[in-house]
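Engineer: Sharing final_36.cif here; it has mmCIF, N, CA and C atoms.
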data_query
#
loop_
_atom_site.label_atom_id
_atom_site.label_comp_id
_atom_site.auth_asym_id
_atom_site.auth_seq_id
_atom_site.Cartn_x
_atom_site.Cartn_y
_atom_site.Cartn_z
N ILE A 8 57.13 20.06 22.90
CA ILE A 8 56.71 18.67 23.07
C ILE A 8 57.86 17.78 22.63
N ARG A 9 58.16 16.77 23.45
CA ARG A 9 59.17 15.76 23.11
C ARG A 9 58.61 14.39 23.44
N ILE A 10 58.96 13.42 22.61
CA ILE A 10 58.60 12.02 22.86
C ILE A 10 59.89 11.24 23.04
N SER A 11 59.92 10.38 24.04
CA SER A 11 61.12 9.59 24.34
C SER A 11 61.46 8.66 23.17
N HIS A 12 62.69 8.21 23.12
CA HIS A 12 63.17 7.34 22.04
C HIS A 12 62.37 6.05 21.95
N ASN A 13 61.98 5.52 23.11
CA ASN A 13 61.25 4.25 23.13
C ASN A 13 59.74 4.43 22.97
N GLY A 14 59.29 5.67 22.85
CA GLY A 14 57.87 5.94 22.63
C GLY A 14 57.00 5.83 23.87
N LYS A 15 57.61 5.63 25.04
CA LYS A 15 56.82 5.49 26.26
C LYS A 15 56.35 6.84 26.81
N TRP A 16 57.22 7.85 26.76
CA TRP A 16 56.93 9.13 27.42
C TRP A 16 56.71 10.25 26.42
N MET A 17 55.79 11.14 26.77
CA MET A 17 55.62 12.39 26.05
C MET A 17 55.68 13.51 27.09
N ALA A 18 56.56 14.48 26.87
CA ALA A 18 56.72 15.60 27.79
C ALA A 18 56.29 16.88 27.11
N ILE A 19 55.56 17.69 27.86
CA ILE A 19 55.07 18.97 27.35
C ILE A 19 55.38 20.04 28.38
N GLY A 20 56.02 21.11 27.93
CA GLY A 20 56.29 22.25 28.80
C GLY A 20 55.57 23.47 28.27
N ASN A 21 55.23 24.40 29.17
CA ASN A 21 54.50 25.58 28.72
C ASN A 21 55.20 26.88 29.11
N HIS A 22 54.58 28.00 28.76
CA HIS A 22 55.15 29.32 29.02
C HIS A 22 55.21 29.67 30.50
N GLY A 23 54.39 29.03 31.30
CA GLY A 23 54.38 29.33 32.73
C GLY A 23 55.32 28.47 33.54
N GLY A 24 56.04 27.56 32.90
CA GLY A 24 56.98 26.70 33.61
C GLY A 24 56.41 25.36 34.01
N LYS A 25 55.16 25.08 33.62
CA LYS A 25 54.57 23.78 33.95
C LYS A 25 55.12 22.72 33.00
N LEU A 26 55.46 21.58 33.58
CA LEU A 26 56.01 20.46 32.82
C LEU A 26 55.14 19.25 33.11
N LYS A 27 54.59 18.67 32.05
CA LYS A 27 53.72 17.51 32.20
C LYS A 27 54.32 16.34 31.44
N LEU A 28 54.26 15.18 32.07
CA LEU A 28 54.81 13.96 31.50
C LEU A 28 53.70 12.93 31.38
N TYR A 29 53.51 12.41 30.19
CA TYR A 29 52.47 11.42 29.93
C TYR A 29 53.11 10.06 29.66
N ASP A 30 52.58 9.02 30.29
CA ASP A 30 53.01 7.66 30.03
C ASP A 30 52.11 7.13 28.91
N LEU A 31 52.63 7.08 27.70
CA LEU A 31 51.83 6.70 26.54
C LEU A 31 51.46 5.22 26.55
N ASN A 32 52.19 4.41 27.31
CA ASN A 32 51.87 2.98 27.41
C ASN A 32 50.62 2.74 28.24
N LYS A 33 50.29 3.67 29.13
CA LYS A 33 49.12 3.50 29.99
C LYS A 33 47.82 3.90 29.30
N GLY A 34 47.92 4.67 28.23
CA GLY A 34 46.72 5.06 27.50
C GLY A 34 45.78 5.94 28.29
N THR A 35 46.33 6.78 29.16
CA THR A 35 45.51 7.68 29.95
C THR A 35 45.87 9.12 29.59
N ASP A 36 44.92 10.00 29.77
CA ASP A 36 45.20 11.41 29.50
C ASP A 36 45.58 12.18 30.76
N LYS A 37 45.80 11.46 31.86
CA LYS A 37 46.19 12.10 33.12
C LYS A 37 47.72 12.18 33.19
N PRO A 38 48.28 13.40 33.23
CA PRO A 38 49.73 13.54 33.24
C PRO A 38 50.33 13.43 34.64
N ILE A 39 51.63 13.23 34.66
CA ILE A 39 52.43 13.37 35.87
C ILE A 39 52.95 14.80 35.82
N ASN A 40 52.64 15.60 36.81
CA ASN A 40 53.09 16.99 36.86
C ASN A 40 54.45 17.05 37.53
N LEU A 41 55.40 17.68 36.87
CA LEU A 41 56.75 17.84 37.39
C LEU A 41 56.96 19.31 37.74
N PHE A 42 57.26 19.58 38.99
CA PHE A 42 57.33 20.95 39.49
C PHE A 42 58.76 21.41 39.69
N GLY A 43 58.95 22.71 39.59
CA GLY A 43 60.25 23.30 39.89
C GLY A 43 60.55 24.53 39.06
N HIS A 44 60.25 24.49 37.78
CA HIS A 44 60.49 25.67 36.95
C HIS A 44 59.41 26.72 37.22
N ASN A 45 59.79 27.99 37.10
CA ASN A 45 58.80 29.04 37.31
C ASN A 45 58.70 30.01 36.14
N ARG A 46 59.35 29.67 35.05
CA ARG A 46 59.23 30.46 33.81
C ARG A 46 59.15 29.48 32.64
N GLU A 47 59.03 30.01 31.46
CA GLU A 47 58.83 29.22 30.25
C GLU A 47 59.83 28.08 30.10
N ILE A 48 59.32 26.90 29.76
CA ILE A 48 60.17 25.76 29.42
C ILE A 48 60.70 26.01 28.01
N THR A 49 62.02 25.99 27.85
CA THR A 49 62.62 26.29 26.55
C THR A 49 63.06 25.05 25.78
N ASP A 50 63.31 23.94 26.48
CA ASP A 50 63.69 22.71 25.79
C ASP A 50 63.51 21.52 26.73
N ILE A 51 63.34 20.37 26.12
CA ILE A 51 63.21 19.09 26.83
C ILE A 51 64.02 18.08 26.04
N ALA A 52 64.75 17.22 26.73
CA ALA A 52 65.53 16.17 26.05
C ALA A 52 65.49 14.90 26.88
N PHE A 53 65.46 13.77 26.19
CA PHE A 53 65.53 12.46 26.83
C PHE A 53 66.91 11.86 26.60
N SER A 54 67.42 11.18 27.62
CA SER A 54 68.70 10.47 27.46
C SER A 54 68.51 9.34 26.45
N ASN A 55 69.60 8.87 25.89
CA ASN A 55 69.52 7.82 24.87
C ASN A 55 68.84 6.55 25.36
N ASP A 56 69.00 6.25 26.65
CA ASP A 56 68.36 5.05 27.21
C ASP A 56 67.00 5.35 27.83
N ASP A 57 66.55 6.59 27.73
CA ASP A 57 65.25 7.04 28.25
C ASP A 57 65.12 6.88 29.77
N ALA A 58 66.23 6.81 30.47
CA ALA A 58 66.19 6.72 31.93
C ALA A 58 66.11 8.10 32.57
N GLN A 59 66.51 9.13 31.82
CA GLN A 59 66.50 10.49 32.34
C GLN A 59 65.88 11.43 31.32
N MET A 60 65.34 12.52 31.85
CA MET A 60 64.82 13.58 31.01
C MET A 60 65.33 14.90 31.59
N ALA A 61 65.77 15.79 30.73
CA ALA A 61 66.22 17.10 31.16
C ALA A 61 65.25 18.16 30.66
N SER A 62 65.05 19.18 31.49
CA SER A 62 64.21 20.31 31.10
C SER A 62 64.99 21.59 31.36
N ALA A 63 64.86 22.53 30.42
CA ALA A 63 65.51 23.83 30.55
C ALA A 63 64.43 24.91 30.57
N SER A 64 64.77 26.04 31.20
CA SER A 64 63.75 27.07 31.38
C SER A 64 64.37 28.47 31.32
N ARG A 65 63.50 29.43 31.07
CA ARG A 65 63.92 30.84 31.16
C ARG A 65 64.21 31.26 32.60
N ASP A 66 63.97 30.38 33.55
CA ASP A 66 64.33 30.69 34.94
C ASP A 66 65.81 30.43 35.22
N LYS A 67 66.57 30.14 34.15
CA LYS A 67 68.02 29.93 34.20
C LYS A 67 68.41 28.65 34.91
N THR A 68 67.54 27.63 34.85
CA THR A 68 67.87 26.34 35.45
C THR A 68 67.69 25.21 34.44
N VAL A 69 68.40 24.14 34.70
CA VAL A 69 68.21 22.86 34.03
C VAL A 69 67.91 21.85 35.12
N ARG A 70 66.89 21.05 34.90
CA ARG A 70 66.52 20.00 35.85
C ARG A 70 66.63 18.67 35.12
N VAL A 71 67.24 17.70 35.79
CA VAL A 71 67.39 16.36 35.22
C VAL A 71 66.57 15.41 36.09
N TRP A 72 65.58 14.80 35.47
CA TRP A 72 64.60 13.95 36.14
C TRP A 72 64.94 12.49 35.91
N ASN A 73 64.90 11.68 36.98
CA ASN A 73 65.09 10.24 36.88
C ASN A 73 63.73 9.63 36.56
N LEU A 74 63.55 9.13 35.36
CA LEU A 74 62.25 8.61 34.93
C LEU A 74 61.91 7.27 35.57
N ASN A 75 62.88 6.65 36.21
CA ASN A 75 62.63 5.40 36.94
C ASN A 75 62.27 5.65 38.40
N ALA A 76 62.36 6.91 38.82
CA ALA A 76 62.06 7.27 40.21
C ALA A 76 61.51 8.70 40.22
N LEU A 77 60.35 8.88 39.64
CA LEU A 77 59.78 10.22 39.50
C LEU A 77 59.37 10.86 40.82
N ASN A 78 59.33 10.08 41.89
CA ASN A 78 59.00 10.64 43.20
C ASN A 78 60.21 11.26 43.88
N THR A 79 61.39 11.19 43.25
CA THR A 79 62.59 11.81 43.81
C THR A 79 62.79 13.19 43.19
N GLU A 80 63.49 14.05 43.90
CA GLU A 80 63.77 15.39 43.40
C GLU A 80 64.74 15.32 42.22
N PRO A 81 64.57 16.18 41.24
CA PRO A 81 65.51 16.20 40.12
C PRO A 81 66.83 16.84 40.53
N MET A 82 67.88 16.55 39.76
CA MET A 82 69.12 17.30 39.90
C MET A 82 68.87 18.68 39.31
N VAL A 83 69.31 19.72 39.99
CA VAL A 83 69.08 21.08 39.52
C VAL A 83 70.42 21.75 39.27
N PHE A 84 70.56 22.30 38.08
CA PHE A 84 71.74 23.07 37.71
C PHE A 84 71.28 24.51 37.53
N ASN A 85 71.83 25.42 38.33
CA ASN A 85 71.33 26.78 38.33
C ASN A 85 72.43 27.84 38.33
N ASP A 86 73.56 27.53 37.77
CA ASP A 86 74.65 28.50 37.77
C ASP A 86 74.84 29.15 36.40
N TYR A 87 73.72 29.40 35.71
CA TYR A 87 73.77 30.02 34.39
C TYR A 87 73.44 31.50 34.52
N SER A 88 74.10 32.33 33.71
CA SER A 88 73.84 33.76 33.76
C SER A 88 72.70 34.18 32.85
N SER A 89 72.23 33.26 32.03
CA SER A 89 71.12 33.54 31.12
C SER A 89 70.29 32.28 30.95
N TRP A 90 69.24 32.36 30.14
CA TRP A 90 68.39 31.20 29.89
C TRP A 90 69.19 30.09 29.24
N VAL A 91 68.74 28.89 29.44
CA VAL A 91 69.26 27.74 28.71
C VAL A 91 68.22 27.46 27.63
N THR A 92 68.67 27.44 26.38
CA THR A 92 67.72 27.32 25.27
C THR A 92 67.79 25.99 24.53
N ALA A 93 68.82 25.18 24.79
CA ALA A 93 68.94 23.91 24.07
C ALA A 93 69.60 22.87 24.97
N LEU A 94 69.12 21.64 24.85
CA LEU A 94 69.64 20.53 25.64
C LEU A 94 69.99 19.38 24.71
N ASN A 95 70.95 18.56 25.15
CA ASN A 95 71.31 17.36 24.41
C ASN A 95 72.04 16.44 25.35
N PHE A 96 71.70 15.15 25.32
CA PHE A 96 72.43 14.17 26.12
C PHE A 96 73.56 13.60 25.30
#
For the structure just supplied, provide its representation as structure tokens.
Structural biologist:
Amino acid sequence: IRISHNGKWMAIGNHGGKLKLYDLNKGTDKPINLFGHNREITDIAFSNDDAQMASASRDKTVRVWNLNALNTEPMVFNDYSSWVTALNF
């Protein structure tokens, strides 16, 4: 679980690769589901300006999501030989 610097977003990843993003300003328990990973989420990080969020997974990918345009595909980095276990902007 990670919360953005500005307190607007809460991201939760699970062992199955599901990534859920909650807008805490809306006060709803309905998440935005972010798809793409197919194995355990190992880390989540928000950029300093909270415009982007990165997710890492045991599927050997990192996805960078544009939080201002969640309907667009994330940037995918997949040239790792092993899992990515830590992220930092």
Engineer: Return as a PDB file with N, CA and C atoms, in the frame of the given file the set of residues that the PyMOL selection byres ((chain A and resi 8) around 7) yields on the displayed structure.
Structural biologist:
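Result went into out-v2.pdb, see below:
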ATOM      1  N   ARG A   9      58.160  16.770  23.450  1.00  0.00           N
ATOM      2  CA  ARG A   9      59.170  15.760  23.110  1.00  0.00           C
ATOM      3  C   ARG A   9      58.610  14.390  23.440  1.00  0.00           C
ATOM      4  N   ILE A  10      58.960  13.420  22.610  1.00  0.00           N
ATOM      5  CA  ILE A  10      58.600  12.020  22.860  1.00  0.00           C
ATOM      6  C   ILE A  10      59.890  11.240  23.040  1.00  0.00           C
ATOM      7  N   MET A  17      55.790  11.140  26.770  1.00  0.00           N
ATOM      8  CA  MET A  17      55.620  12.390  26.050  1.00  0.00           C
ATOM      9  C   MET A  17      55.680  13.510  27.090  1.00  0.00           C
ATOM     10  N   ALA A  18      56.560  14.480  26.870  1.00  0.00           N
ATOM     11  CA  ALA A  18      56.720  15.600  27.790  1.00  0.00           C
ATOM     12  C   ALA A  18      56.290  16.880  27.110  1.00  0.00           C
ATOM     13  N   ILE A  19      55.560  17.690  27.860  1.00  0.00           N
ATOM     14  CA  ILE A  19      55.070  18.970  27.350  1.00  0.00           C
ATOM     15  C   ILE A  19      55.380  20.040  28.380  1.00  0.00           C
ATOM     16  N   GLY A  20      56.020  21.110  27.930  1.00  0.00           N
ATOM     17  CA  GLY A  20      56.290  22.250  28.800  1.00  0.00           C
ATOM     18  C   GLY A  20      55.570  23.470  28.270  1.00  0.00           C
ATOM     19  N   ILE A  51      63.340  20.370  26.120  1.00  0.00           N
ATOM     20  CA  ILE A  51      63.210  19.090  26.830  1.00  0.00           C
ATOM     21  C   ILE A  51      64.020  18.080  26.040  1.00  0.00           C
TER      22      ILE A  51
END
Engineer: Go ahead and compute the interatomic distance for atom N of Asn73 in chain A and CA of Val91 in chain A, in Å to one decimal.
Structural biologist: 18.6 Å
Engineer: Can you find the residues with an atom no farther than 5 Å from (67.5, 14.7, 40.4), counting only N, CA and C atoms, and report them as a list in words?
Structural biologist: Val71, Glu80, Pro81 and Met82 of chain A
Engineer: For Asp66 in chain A, which residue out of A:Thr35, A:Asn78, A:Asn45, A:Ser54 is the nearest one, using all atoms listed in the file?
Structural biologist: A:Asn45
Engineer: I need the residue nearest Glu47 in chain A from this list: A:Met60, A:Leu77, A:Val69, A:Leu31. Use only C-alpha atoms for the distance.
Structural biologist: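 Checking each of A:Met60, A:Leu77, A:Val69, A:Leu31 against Glu47 in chain A, counting only C-alpha atoms, the winner is A:Val69.
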Engineer: CA of Lys25 in chain A and atom C of Ser89 in chain A, how far apart in Å?
Structural biologist: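 So the answer is 18.1 Å.
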Engineer: Using DSSP on the backbone coordinates, identify all residues within chain A classified as strand (DSSP E); present the result as a ChimeraX atom specification.
Structural biologist: /A:9-10,16-20,26-30,39-41,48-53,59-64,69-73,82-84
Engineer: Could you jot down the atom N of Gly34 in chain A to CA of Leu94 in chain A separation for me, Å, one decimal place?
Structural biologist: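 According to the coordinates, atom N of Gly34 in chain A and CA of Leu94 in chain A are separated by 27.0 Å.
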Engineer: Which is closest to Trp90 in chain A among A:Lys67, A:Arg46, A:Gln59, A:Phe53, if we use all atoms listed in the file?
Structural biologist: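 Among A:Lys67, A:Arg46, A:Gln59, A:Phe53, it is A:Lys67 that comes nearest to Trp90 in chain A.
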Engineer: Can you list what the PyMOL selection byres (((chain A and resi 40 and name CA) around 6) and name CA) grabs from this structure, as a PyMOL selection string?
Structural biologist: chain A and resi 27+39+41
Engineer: Which residue is closest to Ala61 in chain A? Choose from A:Ser88, A:Asn95, A:Asn13, A:Thr79 and count only C-alpha atoms.
Structural biologist: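 Ranking A:Ser88, A:Asn95, A:Asn13, A:Thr79 by distance to Ala61 in chain A, first place goes to A:Asn95.
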Engineer: Between A:Val83, A:Trp72, A:His12, A:Gly24, which residue has the minimum interatomic distance to His44 in chain A, considering all atoms listed in the file?
Structural biologist: A:Gly24
Engineer: Compare A:Ser64, A:Phe42, A:Ala52, A:Asn75 by their minimum atom-to-atom distance to His22 in chain A, counting only C-alpha atoms, and give me the closest one.
Structural biologist: A:Ser64
Engineer: Any chance you could build range 33-44 of chain A out to all heavy atoms and write it as a PDB file, in the coordinates of the input?
Structural biologist:
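The result, written out as selection.pdb:
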ATOM      1  N   LYS A  33      50.290   3.670  29.130  1.00  0.00           N
ATOM      2  CA  LYS A  33      49.120   3.500  29.990  1.00  0.00           C
ATOM      3  C   LYS A  33      47.820   3.900  29.300  1.00  0.00           C
ATOM      4  O   LYS A  33      46.751   3.550  29.757  1.00  0.00           O
ATOM      5  CB  LYS A  33      49.284   4.291  31.286  1.00  0.00           C
ATOM      6  CG  LYS A  33      50.300   3.687  32.214  1.00  0.00           C
ATOM      7  CD  LYS A  33      50.278   4.368  33.555  1.00  0.00           C
ATOM      8  CE  LYS A  33      51.261   3.682  34.489  1.00  0.00           C
ATOM      9  NZ  LYS A  33      51.308   4.341  35.779  1.00  0.00           N
ATOM     10  N   GLY A  34      47.920   4.670  28.230  1.00  0.00           N
ATOM     11  CA  GLY A  34      46.720   5.060  27.500  1.00  0.00           C
ATOM     12  C   GLY A  34      45.780   5.940  28.290  1.00  0.00           C
ATOM     13  O   GLY A  34      44.576   5.890  28.103  1.00  0.00           O
ATOM     14  N   THR A  35      46.330   6.780  29.160  1.00  0.00           N
ATOM     15  CA  THR A  35      45.510   7.680  29.950  1.00  0.00           C
ATOM     16  C   THR A  35      45.870   9.120  29.590  1.00  0.00           C
ATOM     17  O   THR A  35      46.988   9.404  29.183  1.00  0.00           O
ATOM     18  CB  THR A  35      45.688   7.449  31.463  1.00  0.00           C
ATOM     19  OG1 THR A  35      44.863   8.375  32.158  1.00  0.00           O
ATOM     20  CG2 THR A  35      47.123   7.607  31.894  1.00  0.00           C
ATOM     21  N   ASP A  36      44.920  10.000  29.770  1.00  0.00           N
ATOM     22  CA  ASP A  36      45.200  11.410  29.500  1.00  0.00           C
ATOM     23  C   ASP A  36      45.580  12.180  30.760  1.00  0.00           C
ATOM     24  O   ASP A  36      45.685  13.391  30.742  1.00  0.00           O
ATOM     25  CB  ASP A  36      44.025  12.075  28.796  1.00  0.00           C
ATOM     26  CG  ASP A  36      42.758  12.071  29.641  1.00  0.00           C
ATOM     27  OD1 ASP A  36      42.751  11.439  30.705  1.00  0.00           O
ATOM     28  OD2 ASP A  36      41.778  12.694  29.211  1.00  0.00           O
ATOM     29  N   LYS A  37      45.800  11.460  31.860  1.00  0.00           N
ATOM     30  CA  LYS A  37      46.190  12.100  33.120  1.00  0.00           C
ATOM     31  C   LYS A  37      47.720  12.180  33.190  1.00  0.00           C
ATOM     32  O   LYS A  37      48.396  11.157  33.239  1.00  0.00           O
ATOM     33  CB  LYS A  37      45.648  11.322  34.309  1.00  0.00           C
ATOM     34  CG  LYS A  37      45.907  12.019  35.614  1.00  0.00           C
ATOM     35  CD  LYS A  37      45.157  11.402  36.755  1.00  0.00           C
ATOM     36  CE  LYS A  37      45.442  12.211  37.998  1.00  0.00           C
ATOM     37  NZ  LYS A  37      44.565  11.880  39.077  1.00  0.00           N
ATOM     38  N   PRO A  38      48.280  13.400  33.230  1.00  0.00           N
ATOM     39  CA  PRO A  38      49.730  13.540  33.240  1.00  0.00           C
ATOM     40  C   PRO A  38      50.330  13.430  34.640  1.00  0.00           C
ATOM     41  O   PRO A  38      49.641  13.557  35.650  1.00  0.00           O
ATOM     42  CB  PRO A  38      49.945  14.950  32.708  1.00  0.00           C
ATOM     43  CG  PRO A  38      48.751  15.694  33.222  1.00  0.00           C
ATOM     44  CD  PRO A  38      47.610  14.699  33.152  1.00  0.00           C
ATOM     45  N   ILE A  39      51.630  13.230  34.660  1.00  0.00           N
ATOM     46  CA  ILE A  39      52.430  13.370  35.870  1.00  0.00           C
ATOM     47  C   ILE A  39      52.950  14.800  35.820  1.00  0.00           C
ATOM     48  O   ILE A  39      53.601  15.199  34.845  1.00  0.00           O
ATOM     49  CB  ILE A  39      53.601  12.369  35.882  1.00  0.00           C
ATOM     50  CG1 ILE A  39      53.071  10.940  35.842  1.00  0.00           C
ATOM     51  CG2 ILE A  39      54.503  12.605  37.089  1.00  0.00           C
ATOM     52  CD1 ILE A  39      54.127   9.916  35.474  1.00  0.00           C
ATOM     53  N   ASN A  40      52.640  15.600  36.810  1.00  0.00           N
ATOM     54  CA  ASN A  40      53.090  16.990  36.860  1.00  0.00           C
ATOM     55  C   ASN A  40      54.450  17.050  37.530  1.00  0.00           C
ATOM     56  O   ASN A  40      54.628  16.525  38.636  1.00  0.00           O
ATOM     57  CB  ASN A  40      52.080  17.849  37.617  1.00  0.00           C
ATOM     58  CG  ASN A  40      50.774  17.960  36.871  1.00  0.00           C
ATOM     59  OD1 ASN A  40      50.737  18.407  35.741  1.00  0.00           O
ATOM     60  ND2 ASN A  40      49.702  17.533  37.506  1.00  0.00           N
ATOM     61  N   LEU A  41      55.400  17.680  36.870  1.00  0.00           N
ATOM     62  CA  LEU A  41      56.750  17.840  37.390  1.00  0.00           C
ATOM     63  C   LEU A  41      56.960  19.310  37.740  1.00  0.00           C
ATOM     64  O   LEU A  41      56.801  20.182  36.885  1.00  0.00           O
ATOM     65  CB  LEU A  41      57.781  17.370  36.364  1.00  0.00           C
ATOM     66  CG  LEU A  41      57.626  15.914  35.916  1.00  0.00           C
ATOM     67  CD1 LEU A  41      58.619  15.596  34.803  1.00  0.00           C
ATOM     68  CD2 LEU A  41      57.812  14.964  37.086  1.00  0.00           C
ATOM     69  N   PHE A  42      57.260  19.580  38.990  1.00  0.00           N
ATOM     70  CA  PHE A  42      57.330  20.950  39.490  1.00  0.00           C
ATOM     71  C   PHE A  42      58.760  21.410  39.690  1.00  0.00           C
ATOM     72  O   PHE A  42      59.646  20.615  39.950  1.00  0.00           O
ATOM     73  CB  PHE A  42      56.576  21.052  40.815  1.00  0.00           C
ATOM     74  CG  PHE A  42      55.117  20.704  40.697  1.00  0.00           C
ATOM     75  CD1 PHE A  42      54.665  19.451  41.071  1.00  0.00           C
ATOM     76  CD2 PHE A  42      54.222  21.621  40.193  1.00  0.00           C
ATOM     77  CE1 PHE A  42      53.321  19.126  40.955  1.00  0.00           C
ATOM     78  CE2 PHE A  42      52.874  21.313  40.067  1.00  0.00           C
ATOM     79  CZ  PHE A  42      52.432  20.057  40.454  1.00  0.00           C
ATOM     80  N   GLY A  43      58.950  22.710  39.590  1.00  0.00           N
ATOM     81  CA  GLY A  43      60.250  23.300  39.890  1.00  0.00           C
ATOM     82  C   GLY A  43      60.550  24.530  39.060  1.00  0.00           C
ATOM     83  O   GLY A  43      61.070  25.509  39.575  1.00  0.00           O
ATOM     84  N   HIS A  44      60.250  24.490  37.780  1.00  0.00           N
ATOM     85  CA  HIS A  44      60.490  25.670  36.950  1.00  0.00           C
ATOM     86  C   HIS A  44      59.410  26.720  37.220  1.00  0.00           C
ATOM     87  O   HIS A  44      58.262  26.380  37.511  1.00  0.00           O
ATOM     88  CB  HIS A  44      60.455  25.299  35.461  1.00  0.00           C
ATOM     89  CG  HIS A  44      61.602  24.453  35.020  1.00  0.00           C
ATOM     90  ND1 HIS A  44      62.908  24.885  35.059  1.00  0.00           N
ATOM     91  CD2 HIS A  44      61.633  23.194  34.515  1.00  0.00           C
ATOM     92  CE1 HIS A  44      63.697  23.926  34.595  1.00  0.00           C
ATOM     93  NE2 HIS A  44      62.947  22.888  34.267  1.00  0.00           N
TER      94      HIS A  44
END
